[in-house]
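**Q** Supplied structure: input06.txt, compact mmCIF, C-alpha atoms.
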# COMPACT_ATOMS: atom_id res chain seq x y z
CA MET W 1 29.72 -9.06 7.73
CA GLY W 2 29.81 -11.49 10.66
CA TYR W 3 31.69 -10.84 13.88
CA LEU W 4 33.08 -13.17 16.51
CA ALA W 5 33.71 -12.24 20.13
CA ARG W 6 35.83 -14.63 22.21
CA LYS W 7 35.27 -15.07 25.91
CA GLU W 8 38.30 -14.16 27.95
CA GLY W 9 37.70 -15.03 31.56
CA ASP W 10 34.27 -13.72 32.48
CA TYR W 11 34.10 -11.21 29.68
CA PHE W 12 33.76 -11.18 25.93
CA ALA W 13 36.55 -9.45 24.05
CA SER W 14 35.89 -6.94 21.29
CA PRO W 15 34.26 -8.60 18.27
CA VAL W 16 36.50 -9.38 15.33
CA ALA W 17 35.18 -9.37 11.74
CA LEU W 18 34.92 -12.80 10.10
CA VAL W 19 36.17 -11.63 6.74
CA ALA W 20 36.61 -15.17 5.38
CA LEU W 21 32.87 -15.80 5.66
CA ASP W 22 31.92 -13.11 3.19
CA SER W 23 28.52 -11.48 3.63
CA ILE W 24 27.26 -13.96 6.22
CA TYR W 25 23.63 -13.33 7.20
CA ASN W 26 23.56 -15.62 10.23
CA GLY W 27 25.47 -18.68 11.34
CA ALA W 28 26.36 -21.05 14.15
CA ILE W 29 29.60 -22.69 15.22
CA SER W 30 29.56 -26.43 16.03
CA PRO W 31 30.03 -27.54 19.66
CA ASP W 32 33.61 -28.70 18.94
CA GLY W 33 34.39 -25.30 17.44
CA GLN W 34 35.63 -26.81 14.19
CA LYS W 35 32.77 -26.03 11.81
CA ILE W 36 30.51 -23.14 11.06
CA LEU W 37 27.21 -23.41 9.21
CA PHE W 38 26.05 -20.10 7.87
CA SER W 39 23.71 -18.57 5.35
CA ILE W 40 24.29 -15.94 2.71
CA ARG W 41 21.27 -14.05 1.48
CA THR W 42 20.63 -13.10 -2.08
CA ASP W 43 17.48 -11.39 -3.37
CA THR W 44 15.50 -14.57 -3.62
CA THR W 45 17.08 -17.14 -1.32
CA SER W 46 19.39 -17.87 1.60
CA SER W 47 22.06 -20.33 0.54
CA ILE W 48 23.65 -22.62 3.14
CA TRP W 49 27.42 -22.71 3.51
CA LEU W 50 29.85 -24.74 5.59
CA ALA W 51 33.38 -23.75 6.54
CA GLU W 52 35.80 -25.80 8.61
CA LYS W 53 38.62 -24.62 10.78
CA THR W 54 42.17 -25.34 9.70
CA ASP W 55 45.18 -23.91 11.54
CA ASN W 56 42.83 -21.74 13.57
CA ARG W 57 41.37 -20.17 10.42
CA TRP W 58 38.13 -20.81 8.59
CA SER W 59 38.97 -22.76 5.45
CA THR W 60 37.41 -22.42 2.03
CA LYS W 61 33.67 -22.35 2.34
CA ASN W 62 31.48 -24.94 0.63
CA ASN W 63 28.03 -24.22 -0.72
CA LEU W 64 25.78 -26.96 0.69
CA SER W 65 22.78 -25.63 -1.23
CA GLN W 66 24.37 -26.38 -4.57
CA ASN W 67 23.81 -30.15 -4.52
CA THR W 68 20.72 -30.38 -2.37
CA GLY W 69 18.72 -27.32 -3.36
CA LEU W 70 18.22 -26.66 0.36
CA SER W 71 18.16 -23.09 1.56
CA GLY W 72 17.75 -21.61 5.00
CA GLY W 73 19.52 -20.32 8.08
CA TYR W 74 19.23 -19.75 11.86
CA PHE W 75 21.19 -22.92 12.58
CA TYR W 76 21.38 -24.68 15.91
CA TRP W 77 23.86 -27.52 16.47
CA LEU W 78 22.56 -30.11 18.92
CA ASN W 79 25.88 -31.92 18.57
CA ASN W 80 28.58 -32.05 15.92
CA ARG W 81 26.29 -33.97 13.57
CA GLU W 82 22.67 -33.08 14.33
CA VAL W 83 21.42 -29.67 13.30
CA TYR W 84 18.12 -27.78 13.53
CA PHE W 85 17.50 -24.87 11.23
CA TYR W 86 15.03 -22.68 9.36
CA VAL W 87 13.89 -23.46 5.82
CA PRO W 88 11.69 -21.09 3.79
CA ALA W 89 8.91 -23.66 3.16
CA SER W 90 5.38 -22.71 4.32
CA ASN W 91 6.37 -19.15 5.22
CA GLY W 92 9.28 -20.52 7.21
CA ASP W 93 9.58 -23.84 9.05
CA ILE W 94 12.11 -25.50 11.34
CA VAL W 95 13.59 -28.85 10.37
CA GLN W 96 16.02 -31.33 11.87
CA ALA W 97 18.93 -32.50 9.73
CA ILE W 98 22.09 -34.53 9.82
CA LEU W 99 25.39 -33.14 8.55
CA GLU W 100 27.62 -35.85 7.14
CA ASN W 101 30.37 -35.67 4.54
CA GLN W 102 29.57 -32.06 3.81
CA GLN W 103 25.99 -33.02 3.04
CA LEU W 104 22.97 -31.69 4.94
CA THR W 105 20.03 -34.12 4.93
CA ILE W 106 16.66 -33.33 6.48
CA THR W 107 15.59 -36.11 8.85
CA ASP W 108 12.49 -34.60 10.49
CA SER W 109 10.11 -31.90 9.26
CA LEU W 110 8.82 -31.28 12.81
CA THR W 111 5.22 -31.03 11.65
CA VAL W 112 3.84 -30.50 15.16
CA ILE W 113 5.68 -27.24 15.71
CA ASN W 114 5.43 -25.77 12.20
CA THR W 115 2.45 -23.86 10.82
CA THR W 116 1.58 -22.86 7.27
CA SER W 117 0.64 -19.27 8.10
CA GLY W 118 3.43 -18.39 10.53
CA THR W 119 7.19 -18.18 10.30
CA GLU W 120 8.95 -20.60 12.62
CA PHE W 121 12.67 -20.01 12.95
CA SER W 122 15.68 -19.76 15.25
CA PRO W 123 15.41 -23.02 17.20
CA PHE W 124 17.12 -24.02 20.43
CA VAL W 125 17.02 -27.67 21.50
CA ASP W 126 17.90 -28.79 25.01
CA ARG W 127 21.01 -31.00 24.95
CA LYS W 128 18.97 -33.91 26.35
CA LYS W 129 16.17 -33.07 23.91
CA ARG W 130 13.72 -32.45 26.74
CA TYR W 131 12.36 -29.34 25.05
CA LEU W 132 12.68 -27.16 21.98
CA ILE W 133 12.32 -23.37 22.01
CA PHE W 134 11.82 -21.39 18.84
CA SER W 135 10.51 -18.09 17.48
CA ARG W 136 7.21 -17.84 15.67
CA TYR W 137 5.73 -14.86 13.88
CA THR W 138 2.24 -14.92 12.38
CA GLU W 139 1.36 -11.61 10.83
CA GLY W 140 -1.56 -9.85 12.52
CA ASP W 141 -1.95 -12.42 15.31
CA ILE W 142 -0.25 -11.28 18.48
CA THR W 143 -0.98 -14.60 20.19
CA GLN W 144 1.26 -16.26 17.63
CA GLN W 145 4.23 -13.92 17.88
CA GLY W 146 7.08 -14.66 20.23
CA PHE W 147 8.98 -17.57 21.73
CA PHE W 148 7.31 -20.95 21.89
CA ILE W 149 8.29 -24.10 23.74
CA SER W 150 7.54 -27.68 22.78
CA TYR W 151 8.28 -30.57 25.17
CA ASN W 152 9.55 -33.95 24.16
CA GLU W 153 6.95 -36.40 25.38
CA GLY W 154 8.76 -39.28 23.75
CA GLN W 155 12.33 -40.47 23.96
CA ARG W 156 15.58 -38.72 23.22
CA GLU W 157 16.24 -40.77 20.11
CA ASN W 158 12.59 -40.83 19.07
CA PRO W 159 11.12 -37.48 20.10
CA ARG W 160 7.39 -36.82 20.24
CA TRP W 161 7.10 -33.03 20.36
CA SER W 162 4.11 -31.54 22.16
CA ILE W 163 1.95 -28.76 20.70
CA PRO W 164 4.00 -25.60 21.29
CA GLN W 165 3.03 -23.16 24.03
CA LYS W 166 3.81 -19.48 23.87
CA LEU W 167 6.22 -18.14 26.48
CA ASP W 168 4.00 -15.17 27.27
CA MET W 169 6.44 -13.62 29.70
CA LEU W 170 8.95 -12.96 26.89
CA PRO W 171 8.78 -10.28 24.18
CA TYR W 172 9.21 -11.07 20.49
CA GLY W 173 12.77 -12.03 19.69
CA TRP W 174 15.01 -14.70 18.27
CA SER W 175 18.41 -16.41 18.75
CA SER W 176 17.18 -18.20 21.87
CA TRP W 177 19.81 -19.96 23.94
CA VAL W 178 19.80 -21.61 27.35
CA SER W 179 23.10 -21.30 29.13
CA GLU W 180 23.35 -24.37 31.30
CA GLY W 181 26.19 -23.01 33.38
CA SER W 182 24.45 -19.84 34.47
CA ASN W 183 20.85 -21.09 34.04
CA GLN W 184 19.97 -18.12 31.89
CA PHE W 185 17.69 -17.92 28.88
CA ILE W 186 19.37 -15.58 26.40
CA PHE W 187 17.88 -14.01 23.29
CA SER W 188 18.01 -10.94 21.09
CA ASP W 189 15.49 -8.51 19.64
CA GLY W 190 17.96 -7.33 17.03
CA GLU W 191 19.24 -4.43 19.08
CA ASP W 192 19.90 -5.75 22.55
CA ILE W 193 20.77 -9.11 24.07
CA TYR W 194 18.52 -10.14 26.96
CA SER W 195 18.93 -12.67 29.73
CA TYR W 196 16.18 -14.21 31.88
CA PRO W 197 16.67 -16.72 34.71
CA VAL W 198 15.56 -20.15 33.51
CA SER W 199 13.73 -20.52 36.83
CA SER W 200 11.28 -17.84 35.64
CA LEU W 201 10.36 -19.87 32.56
CA PRO W 202 8.15 -22.96 32.32
CA ILE W 203 10.87 -25.48 31.69
CA PRO W 204 9.78 -28.14 34.17
CA GLU W 205 12.34 -30.75 35.05
CA ARG W 206 9.60 -33.38 35.31
CA LYS W 207 9.14 -33.19 31.54
CA THR W 208 12.44 -35.04 31.10
CA ALA W 209 12.24 -37.51 28.26
CA THR W 210 13.02 -41.16 28.88
CA PRO W 211 16.75 -41.65 28.24
CA MET U 1 8.82 22.61 22.13
CA LYS U 2 8.38 19.04 20.95
CA PRO U 3 9.95 17.96 17.66
CA LYS U 4 7.50 17.89 14.75
CA LEU U 5 6.84 14.42 13.36
CA LEU U 6 4.73 13.41 10.37
CA LEU U 7 3.25 9.93 10.13
CA LEU U 8 2.19 8.78 6.67
CA SER U 9 -0.15 5.81 6.37
CA ASP U 10 -0.09 2.78 4.10
CA LEU U 11 -2.38 2.45 1.07
CA TRP U 12 -5.45 1.84 3.24
CA GLY U 13 -5.13 5.12 5.07
CA PHE U 14 -5.87 5.56 8.73
CA GLN U 15 -9.61 4.99 8.70
CA ASP U 16 -10.66 2.04 10.83
CA GLU U 17 -7.02 1.37 11.61
CA ALA U 18 -6.31 1.00 15.31
CA TRP U 19 -2.58 0.91 14.69
CA SER U 20 -2.41 4.67 14.09
CA GLN U 21 -3.54 5.08 17.70
CA ASP U 22 -0.62 2.92 18.80
CA TYR U 23 1.77 5.29 17.04
CA ILE U 24 0.12 8.31 18.64
CA ALA U 25 0.22 6.71 22.08
CA ALA U 26 3.87 5.76 21.67
CA LEU U 27 5.06 9.07 20.18
CA GLN U 28 2.93 11.93 21.47
CA HIS U 29 4.76 12.40 24.78
CA HIS U 30 7.92 13.44 23.00
CA HIS U 31 6.72 14.53 19.55
CA GLU U 32 4.12 16.73 17.97
CA VAL U 33 2.54 14.12 15.72
CA THR U 34 0.58 14.93 12.56
CA LEU U 35 -1.09 12.13 10.61
CA PHE U 36 -1.26 12.08 6.83
CA ASP U 37 -3.56 9.63 5.12
CA SER U 38 -1.68 8.50 2.00
CA PRO U 39 -4.69 7.60 -0.21
CA GLN U 40 -6.34 10.89 0.75
CA LEU U 41 -3.19 12.77 -0.29
CA ALA U 42 -3.32 10.82 -3.56
CA GLY U 43 -6.98 11.67 -4.10
CA ILE U 44 -8.05 8.04 -3.85
CA ASN U 45 -11.23 6.92 -2.14
CA VAL U 46 -10.42 3.49 -0.70
CA LYS U 47 -13.95 2.62 0.41
CA GLY U 48 -15.11 -0.62 -1.17
CA GLN U 49 -11.98 -0.92 -3.30
CA SER U 50 -9.64 -3.87 -3.42
CA GLN U 51 -5.97 -3.61 -2.51
CA ASP U 52 -5.02 -4.22 -6.14
CA THR U 53 -7.23 -1.40 -7.38
CA ILE U 54 -5.85 1.08 -4.86
CA HIS U 55 -2.32 -0.06 -5.62
CA ARG U 56 -2.85 0.44 -9.34
CA GLN U 57 -4.17 3.96 -8.78
CA LEU U 58 -1.19 4.79 -6.60
CA ILE U 59 1.40 3.65 -9.09
CA ASN U 60 -0.46 5.29 -11.98
CA GLY U 61 -0.07 8.84 -10.78
CA GLY U 62 -1.43 8.60 -7.24
CA ILE U 63 2.00 8.66 -5.61
CA GLU U 64 3.01 11.76 -7.58
CA THR U 65 -0.26 13.51 -6.60
CA ALA U 66 0.36 12.59 -2.95
CA VAL U 67 3.91 13.97 -3.14
CA GLN U 68 2.63 17.30 -4.50
CA GLN U 69 -0.11 17.46 -1.87
CA LEU U 70 2.31 16.72 0.94
CA ARG U 71 4.72 19.37 -0.30
CA ALA U 72 1.87 21.88 -0.47
CA GLN U 73 0.52 21.02 2.98
CA VAL U 74 3.92 20.95 4.69
CA PRO U 75 5.79 24.07 3.60
CA GLN U 76 7.88 24.28 6.77
CA SER U 77 10.82 22.17 7.92
CA ILE U 78 9.92 19.00 9.85
CA ASP U 79 12.06 17.16 12.35
CA MET U 80 11.09 13.69 11.35
CA ILE U 81 8.84 11.66 9.05
CA ILE U 82 7.68 8.09 9.58
CA GLY U 83 6.26 6.50 6.46
CA CYS U 84 4.48 3.16 6.48
CA SER U 85 4.58 1.12 3.28
CA VAL U 86 3.60 3.45 0.40
CA GLY U 87 3.70 6.32 2.92
CA GLY U 88 7.46 5.79 3.09
CA VAL U 89 7.70 6.04 -0.69
CA ILE U 90 5.64 9.24 -0.75
CA ALA U 91 7.84 10.75 1.99
CA TRP U 92 11.06 9.75 0.17
CA LYS U 93 9.88 11.35 -3.07
CA ALA U 94 8.57 14.44 -1.27
CA ILE U 95 11.99 15.00 0.32
CA LEU U 96 13.62 14.63 -3.09
CA ALA U 97 11.11 17.22 -4.32
CA GLY U 98 12.16 19.67 -1.64
CA LEU U 99 10.33 18.83 1.59
CA GLN U 100 12.71 19.67 4.44
CA THR U 101 13.27 17.08 7.17
CA LYS U 102 16.16 15.90 9.31
CA LYS U 103 15.15 12.26 9.37
CA LEU U 104 13.05 9.77 7.45
CA VAL U 105 12.07 6.41 8.88
CA ALA U 106 10.37 4.24 6.26
CA ILE U 107 8.89 0.89 7.20
CA SER U 108 8.02 -1.74 4.58
CA ALA U 109 8.39 0.84 1.81
CA THR U 110 9.01 -1.85 -0.79
CA ARG U 111 8.60 0.34 -3.87
CA LEU U 112 11.76 2.17 -2.89
CA ARG U 113 13.47 -0.69 -4.73
CA HIS U 114 12.78 1.29 -7.92
CA GLU U 115 14.45 4.45 -6.62
CA THR U 116 17.89 5.40 -7.88
CA GLN U 117 18.42 8.61 -5.95
CA LYS U 118 18.57 9.06 -2.19
CA PRO U 119 17.24 12.16 -0.45
CA ASP U 120 19.48 14.17 1.86
CA GLY U 121 19.28 13.69 5.60
CA ASP U 122 19.27 10.75 7.93
CA ILE U 123 17.37 7.83 6.41
CA VAL U 124 16.55 4.57 8.14
CA LEU U 125 14.61 1.78 6.47
CA TYR U 126 12.96 -1.22 8.11
CA TYR U 127 11.77 -4.32 6.27
CA GLY U 128 10.33 -7.62 7.35
CA GLU U 129 12.58 -10.51 6.44
CA GLN U 130 9.55 -12.32 4.96
CA ASP U 131 8.48 -9.36 2.83
CA LYS U 132 9.22 -10.68 -0.65
CA TYR U 133 9.05 -7.27 -2.32
CA ARG U 134 11.64 -5.54 -0.15
CA PRO U 135 14.66 -4.01 -1.90
CA SER U 136 17.77 -6.13 -2.25
CA ALA U 137 20.89 -5.78 -0.14
CA GLU U 138 22.64 -4.57 -3.29
CA TRP U 139 20.13 -1.73 -3.61
CA SER U 140 20.76 -0.64 0.00
CA GLN U 141 24.50 -0.77 -0.59
CA SER U 142 24.37 1.14 -3.84
CA LEU U 143 22.33 3.96 -2.30
CA GLN U 144 24.28 3.81 0.97
CA VAL U 145 21.12 3.70 3.03
CA THR U 146 20.79 2.14 6.48
CA THR U 147 18.44 -0.84 6.21
CA HIS U 148 17.28 -3.02 9.08
CA LEU U 149 15.92 -6.47 8.30
CA LEU U 150 13.50 -7.72 10.96
CA PRO U 151 13.76 -11.52 11.36
CA GLY U 152 10.62 -13.58 10.96
CA VAL U 153 8.25 -10.74 10.24
CA GLY U 154 6.34 -9.77 7.11
CA HIS U 155 5.17 -6.63 5.34
CA ASP U 156 2.63 -5.50 7.95
CA VAL U 157 5.18 -5.19 10.77
CA TYR U 158 4.51 -1.44 10.98
CA LYS U 159 1.08 -2.24 12.44
CA GLU U 160 2.49 -4.36 15.26
CA ARG U 161 2.50 -2.83 18.73
CA HIS U 162 5.84 -4.35 19.76
CA PHE U 163 7.51 -2.81 16.73
CA ILE U 164 5.86 0.60 17.26
CA LYS U 165 7.00 0.71 20.89
CA LYS U 166 10.54 -0.24 19.95
CA LEU U 167 10.63 2.34 17.17
CA ALA U 168 9.37 5.06 19.51
CA THR U 169 12.11 4.22 22.01
CA ASN U 170 14.74 4.34 19.27
CA LEU U 171 13.52 7.71 18.05
CA LEU U 172 14.05 9.22 21.49
CA SER U 173 17.77 8.84 21.06
CA PHE U 174 17.49 10.97 17.93
CA THR U 175 15.40 13.79 19.38
Could you express the structure from this file as structure tokens?

**A**
Amino acid sequence: MGYLARKEGDYFASPVALVALDSIYNGAISPDGQKILFSIRTDTTSSIWLAEKTDNRWSTKNNLSQNTGLSGGYFYWLNNREVYFYVPASNGDIVQAILENQQLTITDSLTVINTTSGTEFSPFVDRKKRYLIFSRYTEGDITQQGFFISYNEGQRENPRWSIPQKLDMLPYGWSSWVSEGSNQFIFSDGEDIYSYPVSSLPIPERKTATP
Amino acid sequence: MKPKLLLLSDLWGFQDEAWSQDYIAALQHHHEVTLFDSPQLAGINVKGQSQDTIHRQLINGGIETAVQQLRAQVPQSIDMIIGCSVGGVIAWKAILAGLQTKKLVAISATRLRHETQKPDGDIVLYYGEQDKYRPSAEWSQSLQVTTHLLPGVGHDVYKERHFIKKLATNLLSFT
């Protein structure tokens, strides 16, 4: 079951169960608050679903996996159209996709950041696409477990992602998020939610991509 | 007196495995830890054998032998058991067979997917999200057992130091 906590003033209110979304495994709400992409796990796969908001309620959900055969989860909305998410290929990779007319189409396989042996998942992309942070887990290799950052050495509309560097100061976790307002890097380890000042992380402003 | 805790290994046992030392380091301050080598309990010599061969021996009677041996070697009540991979299965079956414990923590115990009966006591299961042999969500629901899915990770998560430290911290709240 998924839960949603609304922010009231400076605080989050008690979480409310999202009953309409069934047995949601993970999901993300679009920046305009009108759509939610989420995944439902079965034994063998994670199907991708989309629900839209109507009259302040999540409408009938649509199975986006049905037509495309795509499966995955850990969605991140860069804007109301462009999405990054996890697919199970090669032990788990991150891809970029466009959501249009209730159709999710992969537009970039992000080959520089994905590996065949490790699981890459749970991406966060800076709004200006200056950098991308994600989780990687390669079994038995501690140097390849944790959060990684890749910088855009190209342009916003034509990114050239650098070879990812491990953020050694952070423990293993997922659901990375940079809160621009409070300049905090937020993530979870499944039990707790952590917050680090962005200033303590190597997110150099000079790496800004050409607009 | 510290709570008594049993740690059961995976199918390779504890020989040449540095990860058992990580468990001891993480747990010994608050628990009296006793290690049980699963293949030894099962009467299997793992030296020079492939994983498949050991696995076959375990599922063809080895697990049952290990359960009997564990029951015989642990006649008293235990506060907690941690079972890694097949060690979790052996512990589960040993509790069903009468071994007394308040809590079982089984990590990557994928063969539990074949179990239809749950032992008494507090049971917590951990599985890597990428472990393709883990039991289904339906199985967990049907047996009403608390299952934690660990994002990104695979079967061998029980050997990882970050997981062991986290587990040890969690267990403190129980003891």

**Q** Compute the set of chain W residues within 7 Å of chain U, using only C-alpha atoms, and express it as a PyMOL selection string.

**A** chain W and resi 43+119+137+139

**Q** Neighbours of U:Thr146 within 9 Å (only C-alpha atoms; same-chain residues fewer than 5 positions away dropped), as an MDAnalysis selection string?

**A** chainID U and resid 122:126 140:141

**Q** Need the neighbours of (16.7, -27.3, 30.9): which residues are at most 12 Å away, counting only C-alpha atoms, as an MDAnalysis selection string?

**A** chainID W and resid 124:133 149 151:152 177:185 197:209

**Q** Restricting the calculation to all atoms listed in the file, which member of W:Asp192, W:Glu157, W:Glu8, W:Asp168 is positioned closest to W:Glu82?

**A**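 Closest candidate: W:Glu157.
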
**Q** Is it possible to get the axis-aligned box enclosing stretch 184-187 of chain W (all listed atoms, 6 Å extra per side) as AutoDock Vina command-line options, with centre and edge lengths in Å rounded to one decimal?

**A**
--center_x 18.8 --center_y -16.1 --center_z 27.6 --size_x 14.3 --size_y 16.1 --size_z 20.6

**Q** I want to know what sits within 9 Å of U:His30, based on all atoms listed in the file, with residues of the same chain fewer than 4 positions away left out; could you give that as a PDB file with C-alpha atoms, in the frame of the given file?

**A**
ATOM      1  CA  LYS U   2       8.380  19.040  20.950  1.00  0.00           C
ATOM      2  CA  PRO U   3       9.950  17.960  17.660  1.00  0.00           C
ATOM      3  CA  ALA U  26       3.870   5.760  21.670  1.00  0.00           C
ATOM      4  CA  LEU U 172      14.050   9.220  21.490  1.00  0.00           C
ATOM      5  CA  THR U 175      15.400  13.790  19.380  1.00  0.00           C
TER       6      THR U 175
END

**Q** If you count only C-alpha atoms, which residues fall within 8 Å of stretch 56-63 of chain U, apart from same-chain ones fewer than 4 positions away, as a list of chain:residue names?

**A** U:Pro39, U:Ala42, U:Gly43, U:Ile44, U:Asp52, U:Val67, U:Val89, U:Ile90

**Q** Mind writing the picked residues with C-alpha atoms as a compact mmCIF listing (two decimals), in the coordinates of the input?

**A**
# COMPACT_ATOMS: atom_id res chain seq x y z
CA PRO U 39 -4.69 7.60 -0.21
CA ALA U 42 -3.32 10.82 -3.56
CA GLY U 43 -6.98 11.67 -4.10
CA ILE U 44 -8.05 8.04 -3.85
CA ASP U 52 -5.02 -4.22 -6.14
CA VAL U 67 3.91 13.97 -3.14
CA VAL U 89 7.70 6.04 -0.69
CA ILE U 90 5.64 9.24 -0.75

**Q** Tell me, in Å to one decimal, how far atom CA of U:Ser20 is from atom CA of U:Gly83.

**A**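 The value is 11.7 Å.
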
**Q** Interatomic distance between atom CA of W:Ser71 and atom CA of U:Arg113?

**A**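 Going from atom CA of W:Ser71 over to atom CA of U:Arg113, I get 23.7 Å.
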
**Q** Just give me the gap between atom CA of W:Trp161 and atom CA of U:Glu129 in Å, one decimal is fine.

**A** 27.0 Å

**Q** Can you tell me, as a ChimeraX atom specification, what residues are no more than 9 Å from stretch 93-104 of chain W when counting all atoms listed in the file, ignoring any on the same chain fewer than 2 positions away?

**A** /W:50,62,64-65,67-68,70,80-91,106-111,113-116,118-123,134

**Q** I'd like to know which of U:Lys47, U:Lys118, U:Lys102, U:His29 is closest to U:Thr169, using only C-alpha atoms.

**A**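 Selected residue with least distance to U:Thr169: U:His29.
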
**Q** Within 12 Å of (22.6, -6.3, 16.1) (file coordinates; all atoms listed in the file), which protein or nucleic acid residues are there? I'd like them as a short mmCIF file (atom, residue, chain, number, x, y, z; two decimals) with C-alpha atoms, keeping the file's coordinate frame.

**A**
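Written out: point.cif:
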data_model
loop_
_atom_site.label_atom_id
_atom_site.label_comp_id
_atom_site.auth_asym_id
_atom_site.auth_seq_id
_atom_site.Cartn_x
_atom_site.Cartn_y
_atom_site.Cartn_z
CA MET W 1 29.72 -9.06 7.73
CA GLY W 2 29.81 -11.49 10.66
CA TYR W 3 31.69 -10.84 13.88
CA TYR W 25 23.63 -13.33 7.20
CA ASN W 26 23.56 -15.62 10.23
CA GLY W 173 12.77 -12.03 19.69
CA TRP W 174 15.01 -14.70 18.27
CA SER W 175 18.41 -16.41 18.75
CA PHE W 187 17.88 -14.01 23.29
CA SER W 188 18.01 -10.94 21.09
CA ASP W 189 15.49 -8.51 19.64
CA GLY W 190 17.96 -7.33 17.03
CA GLU W 191 19.24 -4.43 19.08
CA ASP W 192 19.90 -5.75 22.55
CA ILE W 193 20.77 -9.11 24.07
CA HIS U 148 17.28 -3.02 9.08
CA LEU U 149 15.92 -6.47 8.30
CA LEU U 150 13.50 -7.72 10.96
CA PRO U 151 13.76 -11.52 11.36
#

**Q** For stretch 30-39 of chain W, work out the shell of residues within 6 Å, counting all atoms listed in the file and skipping chain neighbours fewer than 2 positions away, then give it as a list in words.

**A**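 Everything that qualifies: Ile24, Tyr25, Asn26, Gly27, Ala28, Ser46, Ser47, Ile48, Trp49, Leu50, Ala51, Glu52, Lys53, Gly73, Trp77 and Asn80 of chain W.
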
**Q** Is it possible to dump stretch 4-15 of chain W as a PDB file, in the first residue's frame, including just N, CA, C and O atoms?

**A**
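Result file follows (result_11.pdb):
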ATOM      1  N   LEU W   4       0.529   8.843   1.222  1.00  0.00           N
ATOM      2  CA  LEU W   4       0.857  10.201   0.808  1.00  0.00           C
ATOM      3  C   LEU W   4       0.734  11.131   2.016  1.00  0.00           C
ATOM      4  O   LEU W   4      -0.292  11.148   2.703  1.00  0.00           O
ATOM      5  N   ALA W   5       1.801  11.879   2.267  1.00  0.00           N
ATOM      6  CA  ALA W   5       1.769  12.873   3.339  1.00  0.00           C
ATOM      7  C   ALA W   5       1.822  14.265   2.711  1.00  0.00           C
ATOM      8  O   ALA W   5       2.710  14.550   1.905  1.00  0.00           O
ATOM      9  N   ARG W   6       0.861  15.117   3.028  1.00  0.00           N
ATOM     10  CA  ARG W   6       0.838  16.473   2.484  1.00  0.00           C
ATOM     11  C   ARG W   6       1.572  17.413   3.429  1.00  0.00           C
ATOM     12  O   ARG W   6       1.508  17.249   4.642  1.00  0.00           O
ATOM     13  N   LYS W   7       2.232  18.410   2.832  1.00  0.00           N
ATOM     14  CA  LYS W   7       2.934  19.387   3.652  1.00  0.00           C
ATOM     15  C   LYS W   7       1.956  20.487   4.045  1.00  0.00           C
ATOM     16  O   LYS W   7       1.296  21.095   3.193  1.00  0.00           O
ATOM     17  N   GLU W   8       1.868  20.698   5.329  1.00  0.00           N
ATOM     18  CA  GLU W   8       0.999  21.764   5.840  1.00  0.00           C
ATOM     19  C   GLU W   8       1.890  22.721   6.610  1.00  0.00           C
ATOM     20  O   GLU W   8       2.350  22.411   7.705  1.00  0.00           O
ATOM     21  N   GLY W   9       2.145  23.879   5.994  1.00  0.00           N
ATOM     22  CA  GLY W   9       3.114  24.790   6.581  1.00  0.00           C
ATOM     23  C   GLY W   9       4.498  24.195   6.476  1.00  0.00           C
ATOM     24  O   GLY W   9       4.915  23.771   5.398  1.00  0.00           O
ATOM     25  N   ASP W  10       5.178  24.110   7.598  1.00  0.00           N
ATOM     26  CA  ASP W  10       6.541  23.558   7.600  1.00  0.00           C
ATOM     27  C   ASP W  10       6.562  22.068   7.879  1.00  0.00           C
ATOM     28  O   ASP W  10       7.632  21.456   7.923  1.00  0.00           O
ATOM     29  N   TYR W  11       5.408  21.487   8.105  1.00  0.00           N
ATOM     30  CA  TYR W  11       5.387  20.097   8.550  1.00  0.00           C
ATOM     31  C   TYR W  11       4.566  19.216   7.611  1.00  0.00           C
ATOM     32  O   TYR W  11       3.630  19.692   6.973  1.00  0.00           O
ATOM     33  N   PHE W  12       4.920  17.942   7.606  1.00  0.00           N
ATOM     34  CA  PHE W  12       4.118  16.982   6.856  1.00  0.00           C
ATOM     35  C   PHE W  12       3.034  16.415   7.767  1.00  0.00           C
ATOM     36  O   PHE W  12       3.302  16.060   8.924  1.00  0.00           O
ATOM     37  N   ALA W  13       1.824  16.360   7.216  1.00  0.00           N
ATOM     38  CA  ALA W  13       0.710  15.789   7.983  1.00  0.00           C
ATOM     39  C   ALA W  13       0.820  14.270   7.993  1.00  0.00           C
ATOM     40  O   ALA W  13       1.649  13.693   7.279  1.00  0.00           O
ATOM     41  N   SER W  14      -0.004  13.633   8.790  1.00  0.00           N
ATOM     42  CA  SER W  14       0.023  12.166   8.867  1.00  0.00           C
ATOM     43  C   SER W  14      -0.237  11.560   7.493  1.00  0.00           C
ATOM     44  O   SER W  14      -1.119  12.028   6.766  1.00  0.00           O
ATOM     45  N   PRO W  15       0.504  10.527   7.119  1.00  0.00           N
ATOM     46  CA  PRO W  15       0.305   9.908   5.806  1.00  0.00           C
ATOM     47  C   PRO W  15      -1.088   9.282   5.667  1.00  0.00           C
ATOM     48  O   PRO W  15      -1.629   8.744   6.634  1.00  0.00           O
TER      49      PRO W  15
END
